[in-house]
Amino acid sequence: MAWQDFEHDMQRCPRCSYCKWIPWRFVRNIEYMQGCPSVARYNWHAYSAGGKYNISYSLLKERIEIDDSFLNVVYRCLMDGSCDIACKMQQDLEPLQHMQELRIKCVDEGALLPQHQPLFEACAKKII
Ligand code: SF4
């Protein structure tokens with residue numbers, strides 16, 4: 001599947017924010033209810049799985065372009081899948097798969113962060 005194939009999920013996501021947390025039925029102590037590490041670090045909706053459905057839908061509808069802010073959100077995801085587990089208890093969407101495809105799109109288009117450059121240079125040296 002490609003990132004565009006998740007359009008139905010982008011529309012179905014009601015922005016409930018459940019993906020930011022450990023599923024509540026399993027929380028025994030509010031100190032440990034934070035799920036998504038990106039949201040915990042950056043404290044902004046765009047970093048959540050629901051937020052990525054938002055920006056992805058905006059990209060799909062050509063309301064925004066891939067810029068540094070967009071890439072910052074896409075590449076700050078640790079792909080740990082916490083959002084996916086929580087979402088499946090609430091709405092049963094595929095946020096992890098969607099984020100993977102969105103990242104693949106960015107890499108395919110050469111849309112990278114400056115921090116990626118040393119990694120590519122190191123890989124190139126190993127190949128040569
Ligand atoms: S838990 Fe799922 S449905 Fe709810 S905001 Fe997150 S991605 Fe959207």
# chains A, B, ... in the order shown; residues from 1 in each chain; ligands from 1

$ closest_atom_pairs --of "chain A" --to "ligand 1" --cutoff "12 Å" --atoms "only C-alpha atoms and all ligand atoms" --output "tab-separated table"
residue	atom	partner	partner_atom_place_in_ligand_line	distance
A:Phe6	CA	ligand 1	7 (S)	11.6
A:His8	CA	ligand 1	3 (S)	11.6
A:Asp9	CA	ligand 1	8 (Fe)	8.2
A:Met10	CA	ligand 1	8 (Fe)	7.9
A:Gln11	CA	ligand 1	8 (Fe)	9.2
A:Arg12	CA	ligand 1	3 (S)	7.1
A:Cys13	CA	ligand 1	8 (Fe)	4.0
A:Pro14	CA	ligand 1	3 (S)	5.4
A:Arg15	CA	ligand 1	5 (S)	3.6
A:Cys16	CA	ligand 1	4 (Fe)	4.1
A:Ser17	CA	ligand 1	5 (S)	4.0
A:Tyr18	CA	ligand 1	1 (S)	4.1
A:Cys19	CA	ligand 1	1 (S)	3.8
A:Lys20	CA	ligand 1	6 (Fe)	6.9
A:Trp21	CA	ligand 1	1 (S)	8.7
A:Ile22	CA	ligand 1	1 (S)	10.5
A:Pro23	CA	ligand 1	1 (S)	9.6
A:Trp24	CA	ligand 1	1 (S)	11.8
A:Gly35	CA	ligand 1	1 (S)	11.1
A:Cys36	CA	ligand 1	6 (Fe)	10.3
A:Val39	CA	ligand 1	6 (Fe)	11.6
A:His45	CA	ligand 1	5 (S)	9.2
A:Ala46	CA	ligand 1	5 (S)	10.5
A:Tyr47	CA	ligand 1	6 (Fe)	10.6
A:Ser48	CA	ligand 1	6 (Fe)	6.9
A:Ala49	CA	ligand 1	7 (S)	4.7
A:Gly50	CA	ligand 1	7 (S)	3.9
A:Gly51	CA	ligand 1	5 (S)	7.3
A:Lys52	CA	ligand 1	7 (S)	8.1
A:Tyr53	CA	ligand 1	7 (S)	7.0
A:Asn54	CA	ligand 1	8 (Fe)	9.0
A:Ser56	CA	ligand 1	7 (S)	12.0
A:Gly81	CA	ligand 1	7 (S)	11.2
A:Ser82	CA	ligand 1	1 (S)	10.0
A:Cys83	CA	ligand 1	1 (S)	6.6
A:Asp84	CA	ligand 1	2 (Fe)	7.3
A:Ile85	CA	ligand 1	1 (S)	8.7
A:Ala86	CA	ligand 1	1 (S)	6.1
A:Cys87	CA	ligand 1	1 (S)	3.8
A:Lys88	CA	ligand 1	2 (Fe)	7.1
A:Met89	CA	ligand 1	1 (S)	8.2
A:Gln90	CA	ligand 1	1 (S)	6.2
A:Gln91	CA	ligand 1	3 (S)	5.1
A:Asp92	CA	ligand 1	2 (Fe)	7.0
A:Leu93	CA	ligand 1	2 (Fe)	5.9
A:Glu94	CA	ligand 1	7 (S)	7.6
A:Pro95	CA	ligand 1	7 (S)	5.6
A:Leu96	CA	ligand 1	7 (S)	9.0
A:Gln97	CA	ligand 1	7 (S)	11.1
A:His98	CA	ligand 1	7 (S)	9.8
A:Met99	CA	ligand 1	7 (S)	10.4

$ residues_around --residues "His116 (chain A)" --least-positions-apart "4" --cutoff "12 Å" --atoms "only C-alpha atoms" --output "ChimeraX atom specification"
/A:71-72,75,107,110-112,120-123

$ write_last_selection --atoms "N, CA, C and O atoms" --output "tab-separated table (two decimals), in the first residue's frame"
chain	number	residue	atom	x	y	z
A	71	LEU	N	8.75	17.40	7.63
A	71	LEU	CA	9.75	16.35	7.82
A	71	LEU	C	10.10	16.17	9.28
A	71	LEU	O	10.36	15.05	9.74
A	72	ASN	N	10.12	17.27	10.00
A	72	ASN	CA	10.42	17.19	11.42
A	72	ASN	C	9.41	16.29	12.14
A	72	ASN	O	9.78	15.47	12.98
A	75	TYR	N	9.90	12.42	10.74
A	75	TYR	CA	11.10	11.70	11.16
A	75	TYR	C	11.30	11.65	12.69
A	75	TYR	O	12.19	10.95	13.15
A	107	VAL	N	11.41	9.55	1.80
A	107	VAL	CA	12.73	9.04	1.40
A	107	VAL	C	12.80	8.92	-0.12
A	107	VAL	O	13.77	9.32	-0.74
A	110	GLY	N	13.56	12.01	-1.73
A	110	GLY	CA	14.81	12.65	-1.30
A	110	GLY	C	14.58	13.73	-0.27
A	110	GLY	O	15.43	14.60	-0.06
A	111	ALA	N	13.41	13.71	0.35
A	111	ALA	CA	13.10	14.71	1.38
A	111	ALA	C	13.64	14.21	2.71
A	111	ALA	O	13.01	13.39	3.39
A	112	LEU	N	14.80	14.70	3.07
A	112	LEU	CA	15.50	14.22	4.26
A	112	LEU	C	15.88	15.40	5.16
A	112	LEU	O	15.87	16.55	4.72
A	120	PHE	N	24.08	8.73	5.19
A	120	PHE	CA	24.17	8.35	3.78
A	120	PHE	C	25.61	8.33	3.29
A	120	PHE	O	26.00	7.45	2.54
A	121	GLU	N	26.40	9.30	3.77
A	121	GLU	CA	27.81	9.33	3.37
A	121	GLU	C	28.54	8.09	3.88
A	121	GLU	O	29.35	7.48	3.17
A	122	ALA	N	28.26	7.70	5.11
A	122	ALA	CA	28.89	6.52	5.69
A	122	ALA	C	28.50	5.26	4.93
A	122	ALA	O	29.32	4.40	4.65
A	123	CYS	N	27.22	5.17	4.56
A	123	CYS	CA	26.75	4.01	3.78
A	123	CYS	C	27.42	3.97	2.42
A	123	CYS	O	27.82	2.90	1.95

$ select_by_dssp --residues "region 5-51 of chain A" --states "helix (DSSP H, G or I)" --output "list in words"
Asp5, Phe6, Glu7, His8, Asp9, Met10, Gln11, Arg12, Tyr18, Cys19, Lys20, Trp24, Arg25, Phe26, Ile30, Glu31, Tyr32, Pro37, Ser38, Val39, Ala40, Arg41, Tyr42, His45, Ala46, Tyr47, Ala49, Gly50 and Gly51 of chain A

$ residues_around --residues "Ser38 (chain A)" --least-positions-apart "4" --cutoff "9 Å" --atoms "only C-alpha atoms" --output "number ranges by chain"
A: 20, 42-44, 47-48, 73, 76-78

$ write_last_selection --atoms "C-alpha atoms" --output "short mmCIF file (atom, residue, chain, number, x, y, z; two decimals), in the first residue's frame"
data_model
loop_
_atom_site.label_atom_id
_atom_site.label_comp_id
_atom_site.auth_asym_id
_atom_site.auth_seq_id
_atom_site.Cartn_x
_atom_site.Cartn_y
_atom_site.Cartn_z
CA LYS A 20 -1.11 9.36 22.60
CA TYR A 42 7.31 17.55 21.73
CA ASN A 43 3.86 17.92 23.30
CA TRP A 44 2.07 18.81 20.07
CA TYR A 47 3.50 14.38 16.42
CA SER A 48 0.77 11.89 17.26
CA VAL A 73 7.11 15.56 12.37
CA ARG A 76 10.63 12.30 14.90
CA CYS A 77 8.41 9.23 15.08
CA LEU A 78 10.25 6.29 16.68
#

$ atom_distance --atom1 "CA of Leu60 (chain A)" --atom2 "CA of Leu119 (chain A)"
29.3 Å

$ atom_distance --atom1 "CA of Tyr57 (chain A)" --atom2 "CA of Gln34 (chain A)"
25.6 Å

$ atom_distance --atom1 "CA of Val74 (chain A)" --atom2 "CA of Phe26 (chain A)"
28.0 Å

$ residues_around --residues "Met1 (chain A)" --least-positions-apart "2" --cutoff "8 Å" --atoms "only C-alpha atoms" --output "list in words"
Trp3, Asp5 and Glu101 of chain A
